[in-house]
Amino acid sequence: MAGLAGNGERPFPPGDYDAVVVGSGPGGLQTAYFLERLGVRAACVSRDDGPGGMFRALPIFQRLLSWTKPDAPAERGTREYEWYDHNSLVAAEPSHAALVAAEMDRAYAVPSRPEMERGLAAFAERAPVRVRYGCTWESTRRLDDGRLALATSDGEYRCRAAVFALGVTEPWRSPIPGIEHAPHYVETRPPREYAGATVLVVGKRNSGFEIADGLLPWARRVLLVSPRPVDTSVLALTSVRVRYMQPLEDSAAGGGTVVLDAAVDRVERTAEGWRVHARGTTHPGDHLLEADHAIAATGFAAPLRDLPGLGVATVAQGRMPALTPYWESIGAPGVFFAGNVTQAATGLRRHANVGSSAAVHGFRYNARVLAERLAATLGGTVPERRRLAADEVVPFLLGEATRAPELWAQKGYLARVVLLAGDGGPRDGGVVPLAHFVDEPGPDAVAVAVELSGGGEIFPGVYLRRGGRVDAHDLPGDALNRFDGDEHRRALAALLA
Amino acid sequence: MIDAESLAPLALFADLEPPQLHELAMTLDEERYPRDARILRQGMSGNAFHVILSGEASVRIDGSERARLVPGEFFGEVSILLGEPPTADVVAATEELRCAVLAGADFRALLLRHPSVLYRVLQTEARRLRNANRWQG
């Protein structure tokens with residue numbers, strides 16, 4: 001098994017490290033991989049007995065939403081291919097890349113849960129990413145010297161930086177009286193057990209519609225209830241539409257599915273099943289709904305345990321940590337987050353885009369950027385960035401805007417930087433969070449991000465820092481999304497002149 | 001997503017019935033900013049509507065404070081309505097600033113769906129215009 005040394009000894013015994021990563025889902029594996037490559041003295045621990053995190057069990061109906069195209073315009077193993085494969089972890093070595101694509105049976109353009117789990121396990125084995133499995137993080141405290149101490153089932157780990165990659169997978173219920181008695185989404189039973197039954201789902205987000213879609217061939221009726229109406233015009237361009245559209249069509253045609261905009265006042269258990277009291281929002285009026293089964297599809301929380309007591313501020317009703325652009329806790333220095341929970345960092349919000357940090361194809365790049373940041377502060381190896389000739393700067397940046405998977409996945413969140421000042425002329429400054437580049441002082445430099453407007457147009461954004469002041473400029477879009485032609489070269493060169 | 005209880009005391013939403021308040025709570029996000037964090041950036045970014053839940057924010061033009069915003073007050077709406085970058089920085093002025101935040105793309109729908117919220121936004125804009133006129137006079 002990945003993570004076990006050949007002699008059967010478990011890696012990373014309790015003790016002192018520069019960094020500790022908690023979790024062995026995609027966020028934890030990706031962060032641990034890059035920390036190891038960058039020479040950071042880091043331990044990785046997980047309560048699970050193997051890699052995969054939430055993909056060892058979820059999604060309930062066993063099919064992911066995000067694409068992986070086994071054959072694509074770019075070759076597997078190349079950096080350009082990453083944009084066509086939204087599920088594999090990324091690696092410097094081509095043999096460790098695109099491993100979810102290798103597992104797919106191509107029945108769909110999105111992998112099944114087992115294919116995803118196998119792809120993650122293959123990454124952990126090949127890289128290899130060493131993990132101390134079966135080691136449960138239990139509590140956290142701040143030491144007198146400022147370091148963190150993590151108590152685990154195996155003993156205490158002390159470190160300067162802790163990276164929590166725990167997913168947003170703890171079942172969470174809205175504060176509705178009685179809903180605590182209803183099974184949560186994660187407790188949904190095999191679909192055949194709902195055959196011929198009326199099922200009431202509280203919640204109309206992704207997980208609610210996943211249940212509705214999965215039960216269409218089985219249930220007699222499915223009732224979905226929550227206050228907010230579904231906006232199909234927004235849904236149409238998102239990956240979750242596949243779960244929404246069939247139940248919505250069924251509802252619109254009166255096929256047995258009911259999608260109701262109503263605030264749920266309380267949920268009651270009855271002798272026959274469940275009764276729900278609700279009040280309409282889109283159309284005012286009281287509703288009394290009866291069902292054989294009720295399921296709370298009201299979302300998830302990050303399992304923060306005692307971290308709020310350490311000063312970790314939270315948002316979203318305590319479900320997620322409030323984060324800086326580099327995914328460090330607001331309120332608890334040295335406490336970092338990786339994986340799905342990095343969606344809590346919203347970035348610059350210059351346009352409509354907020355990045356894709358809730359999905360693997362977004363947070364895998366956050367993990368690399370975070371690892372590089374930690375390497376710089378914890379004494380690891382800071383990646384050597386290449387010098388650029390003066391006439392290389394414009395084509396380099398526009399090439400990144402056209403092809404860099406980091407910038408395409410994390411639109412408006414991550415940016416490629418070129419340092420303009422300093423000895424030896426311009427130098428690649430790597431990929432950094434755009435909000436950090438804009439708000440923190442630094443030498444003269446230029447950053448390029450891929451932006452998405454509210455109208456759906458994709459175009460490069462240029463952020464020029466001179467004399468400590470940053471100005472933003474938008475370059476034009478392009479029908480073929482090529483931003484490296486003459487028009488763009490002239491426009492960027494004029495800005496840099 | 002935010003809890004409806006955080007929104008209920010705000011004058012901006014005072015006319016909404018509980019079901020509408022619950023619906024609105026699902027549309028808004030909760031965000032927290034440490035002191036000195038920039039939320040709107042003058043001439044650059046801030047495509048969201050912010051309502052202050054706790055803490056204070058400083059409105060700064062070219063580095064000079066022009067106004068102080070307190071719980072219940074809001075900012076970001078002018079930039080969304082005009083489709084232009086903000087004309088001021090808005091910076092967290094207390095140890096922590098907590099806001100309810102609506103993406104700019106959802107602001108029009110909020111106003112059209114809840115005319116009472118639209119009316120109260122207009123009242124505030126009218127007050128701000130009156131005060132600006134007095135100040136200039």
# chains A, B, ... in the order shown; residues from 1 in each chain; ligands from 1
>>> select_by_dssp(residues="chain B", states="alpha helix (DSSP H)", output="ChimeraX atom specification")
/B:4-7,18-27,77-82,107-113,115-136
>>> interface_residues(of="chain B", to="chain A", cutoff="6 Å", atoms="only C-alpha atoms", output="tab-separated table (two decimals) with N, CA and C atoms, in the first residue's frame")
chain	number	residue	atom	x	y	z
B	1	MET	N	-23.50	31.25	1.78
B	1	MET	CA	-24.66	31.08	2.64
B	1	MET	C	-24.41	31.68	4.02
B	2	ILE	N	-25.47	32.29	4.55
B	2	ILE	CA	-25.35	32.94	5.85
B	2	ILE	C	-26.61	32.61	6.64
B	19	PRO	N	-39.82	33.86	5.22
B	19	PRO	CA	-39.40	32.98	4.10
B	19	PRO	C	-38.46	33.69	3.12
B	20	GLN	N	-38.75	34.98	2.84
B	20	GLN	CA	-37.89	35.73	1.92
B	20	GLN	C	-36.50	35.94	2.53
B	23	GLU	N	-34.61	32.83	2.03
B	23	GLU	CA	-34.16	32.73	0.63
B	23	GLU	C	-32.94	33.61	0.40
B	30	GLU	N	-21.00	34.86	3.67
B	30	GLU	CA	-20.42	35.55	4.82
B	30	GLU	C	-18.92	35.65	4.60
B	31	GLU	N	-18.37	36.84	4.77
B	31	GLU	CA	-16.92	36.99	4.64
B	31	GLU	C	-16.37	37.79	5.81
B	45	SER	N	-11.03	46.91	-8.56
B	45	SER	CA	-11.83	45.70	-8.38
B	45	SER	C	-12.77	45.79	-7.19
B	46	GLY	N	-13.80	44.98	-7.25
B	46	GLY	CA	-14.75	44.88	-6.15
B	46	GLY	C	-16.14	44.64	-6.69
B	47	ASN	N	-16.30	43.57	-7.42
B	47	ASN	CA	-17.55	43.29	-8.10
B	47	ASN	C	-18.50	42.53	-7.18
>>> residues_around(residues="Val117 of chain B", least_positions_apart="3", cutoff="9 Å", atoms="only C-alpha atoms", output="VMD selection string")
chain B and resid 12 to 16 110 to 114 120 to 122
>>> atom_distance(atom1="atom CA of Arg427 of chain A", atom2="atom CA of Ala32 of chain A")
27.4 Å
>>> residues_around(residues="segment 124-133 of chain B", least_positions_apart="6", cutoff="12 Å", atoms="only C-alpha atoms", output="JSON, numbers by chain")
{"B": [11, 12, 66, 67, 72, 73, 74, 75, 76, 77, 78, 117, 118]}
>>> select_by_dssp(residues="segment 16-134 of chain B", states="strand (DSSP E or B)", output="PyMOL selection string")
chain B and resi 29-34+38-41+45+48-54+57-61+64-69+74-75+89-92+96-103
>>> residues_around(residues="Asp62 of chain B", least_positions_apart="4", cutoff="9 Å", atoms="only C-alpha atoms", output="ChimeraX atom specification")
/B:42,88-89
>>> closest_residue(among="A:Ala421, A:Val242, A:Ala271, A:Val131", to="Phe209 of chain A", atoms="only C-alpha atoms")
A:Val242
>>> residues_around(residues="His277 of chain A", least_positions_apart="3", cutoff="9 Å", atoms="only C-alpha atoms", output="list in words")
Ala263, Val264, Asp265, Arg266, Val267, Glu268, Asp286, His287, Leu288 and Leu289 of chain A
>>> residues_around(residues="Arg386 of chain A", least_positions_apart="4", cutoff="12 Å", atoms="only C-alpha atoms", output="list in words")
Glu392, Val393, Phe396, Val417, Val418, Leu419, Gly424, Gly425, Pro426, Arg427, Asp428, Gly429 and Gly430 of chain A
>>> decode(residues="segment 6-77 of chain B", atoms="C-alpha atoms", output="JSON list (two decimals), in the first residue's frame")
[["chain", "number", "residue", "atom", "x", "y", "z"],
["B", 6, "SER", "CA", -27.70, 37.70, 10.98],
["B", 7, "LEU", "CA", -29.77, 39.48, 8.34],
["B", 8, "ALA", "CA", -32.96, 40.00, 10.34],
["B", 9, "PRO", "CA", -31.74, 43.03, 12.38],
["B", 10, "LEU", "CA", -30.55, 44.95, 9.30],
["B", 11, "ALA", "CA", -32.73, 47.89, 8.25],
["B", 12, "LEU", "CA", -32.04, 47.05, 4.61],
["B", 13, "PHE", "CA", -33.98, 43.79, 4.94],
["B", 14, "ALA", "CA", -36.47, 44.89, 7.61],
["B", 15, "ASP", "CA", -39.50, 44.60, 5.30],
["B", 16, "LEU", "CA", -38.86, 41.01, 4.24],
["B", 17, "GLU", "CA", -41.05, 38.18, 5.53],
["B", 18, "PRO", "CA", -39.20, 35.27, 7.19],
["B", 19, "PRO", "CA", -39.40, 32.98, 4.10],
["B", 20, "GLN", "CA", -37.89, 35.73, 1.92],
["B", 21, "LEU", "CA", -35.19, 36.32, 4.52],
["B", 22, "HIS", "CA", -34.31, 32.62, 4.41],
["B", 23, "GLU", "CA", -34.16, 32.73, 0.63],
["B", 24, "LEU", "CA", -31.91, 35.78, 0.75],
["B", 25, "ALA", "CA", -29.66, 34.10, 3.32],
["B", 26, "MET", "CA", -28.96, 31.34, 0.78],
["B", 27, "THR", "CA", -27.93, 33.92, -1.83],
["B", 28, "LEU", "CA", -25.49, 35.83, 0.36],
["B", 29, "ASP", "CA", -22.07, 34.72, 1.53],
["B", 30, "GLU", "CA", -20.42, 35.55, 4.82],
["B", 31, "GLU", "CA", -16.92, 36.99, 4.64],
["B", 32, "ARG", "CA", -14.44, 38.19, 7.25],
["B", 33, "TYR", "CA", -11.51, 40.50, 6.71],
["B", 34, "PRO", "CA", -8.60, 41.32, 9.02],
["B", 35, "ARG", "CA", -7.70, 44.94, 9.77],
["B", 36, "ASP", "CA", -6.29, 46.81, 6.74],
["B", 37, "ALA", "CA", -7.52, 44.24, 4.20],
["B", 38, "ARG", "CA", -8.72, 45.96, 1.04],
["B", 39, "ILE", "CA", -12.21, 44.85, 0.02],
["B", 40, "LEU", "CA", -12.82, 47.31, -2.81],
["B", 41, "ARG", "CA", -9.84, 48.67, -4.68],
["B", 42, "GLN", "CA", -10.03, 52.15, -6.14],
["B", 43, "GLY", "CA", -10.00, 52.08, -9.93],
["B", 44, "MET", "CA", -9.64, 48.31, -9.99],
["B", 45, "SER", "CA", -11.83, 45.70, -8.38],
["B", 46, "GLY", "CA", -14.75, 44.88, -6.15],
["B", 47, "ASN", "CA", -17.55, 43.29, -8.10],
["B", 48, "ALA", "CA", -19.79, 42.51, -5.11],
["B", 49, "PHE", "CA", -22.36, 44.10, -2.82],
["B", 50, "HIS", "CA", -21.30, 44.14, 0.84],
["B", 51, "VAL", "CA", -23.47, 44.72, 3.90],
["B", 52, "ILE", "CA", -21.55, 45.21, 7.15],
["B", 53, "LEU", "CA", -22.61, 42.81, 9.92],
["B", 54, "SER", "CA", -19.94, 43.75, 12.46],
["B", 55, "GLY", "CA", -16.84, 45.91, 12.55],
["B", 56, "GLU", "CA", -16.19, 49.07, 10.58],
["B", 57, "ALA", "CA", -14.88, 49.92, 7.13],
["B", 58, "SER", "CA", -12.99, 52.98, 5.98],
["B", 59, "VAL", "CA", -13.77, 54.56, 2.59],
["B", 60, "ARG", "CA", -10.54, 56.04, 1.23],
["B", 61, "ILE", "CA", -9.86, 58.02, -1.91],
["B", 62, "ASP", "CA", -6.19, 58.28, -2.83],
["B", 63, "GLY", "CA", -5.36, 57.18, 0.71],
["B", 64, "SER", "CA", -7.49, 59.80, 2.54],
["B", 65, "GLU", "CA", -10.43, 58.63, 4.62],
["B", 66, "ARG", "CA", -13.68, 60.11, 3.30],
["B", 67, "ALA", "CA", -16.21, 58.10, 5.28],
["B", 68, "ARG", "CA", -16.54, 55.45, 7.93],
["B", 69, "LEU", "CA", -19.12, 52.68, 7.48],
["B", 70, "VAL", "CA", -20.66, 50.87, 10.45],
["B", 71, "PRO", "CA", -22.85, 47.77, 10.87],
["B", 72, "GLY", "CA", -26.01, 47.93, 8.77],
["B", 73, "GLU", "CA", -24.39, 50.10, 6.10],
["B", 74, "PHE", "CA", -23.46, 48.77, 2.67],
["B", 75, "PHE", "CA", -20.96, 49.42, -0.12],
["B", 76, "GLY", "CA", -20.08, 48.20, -3.61],
["B", 77, "GLU", "CA", -23.47, 48.94, -5.17]]
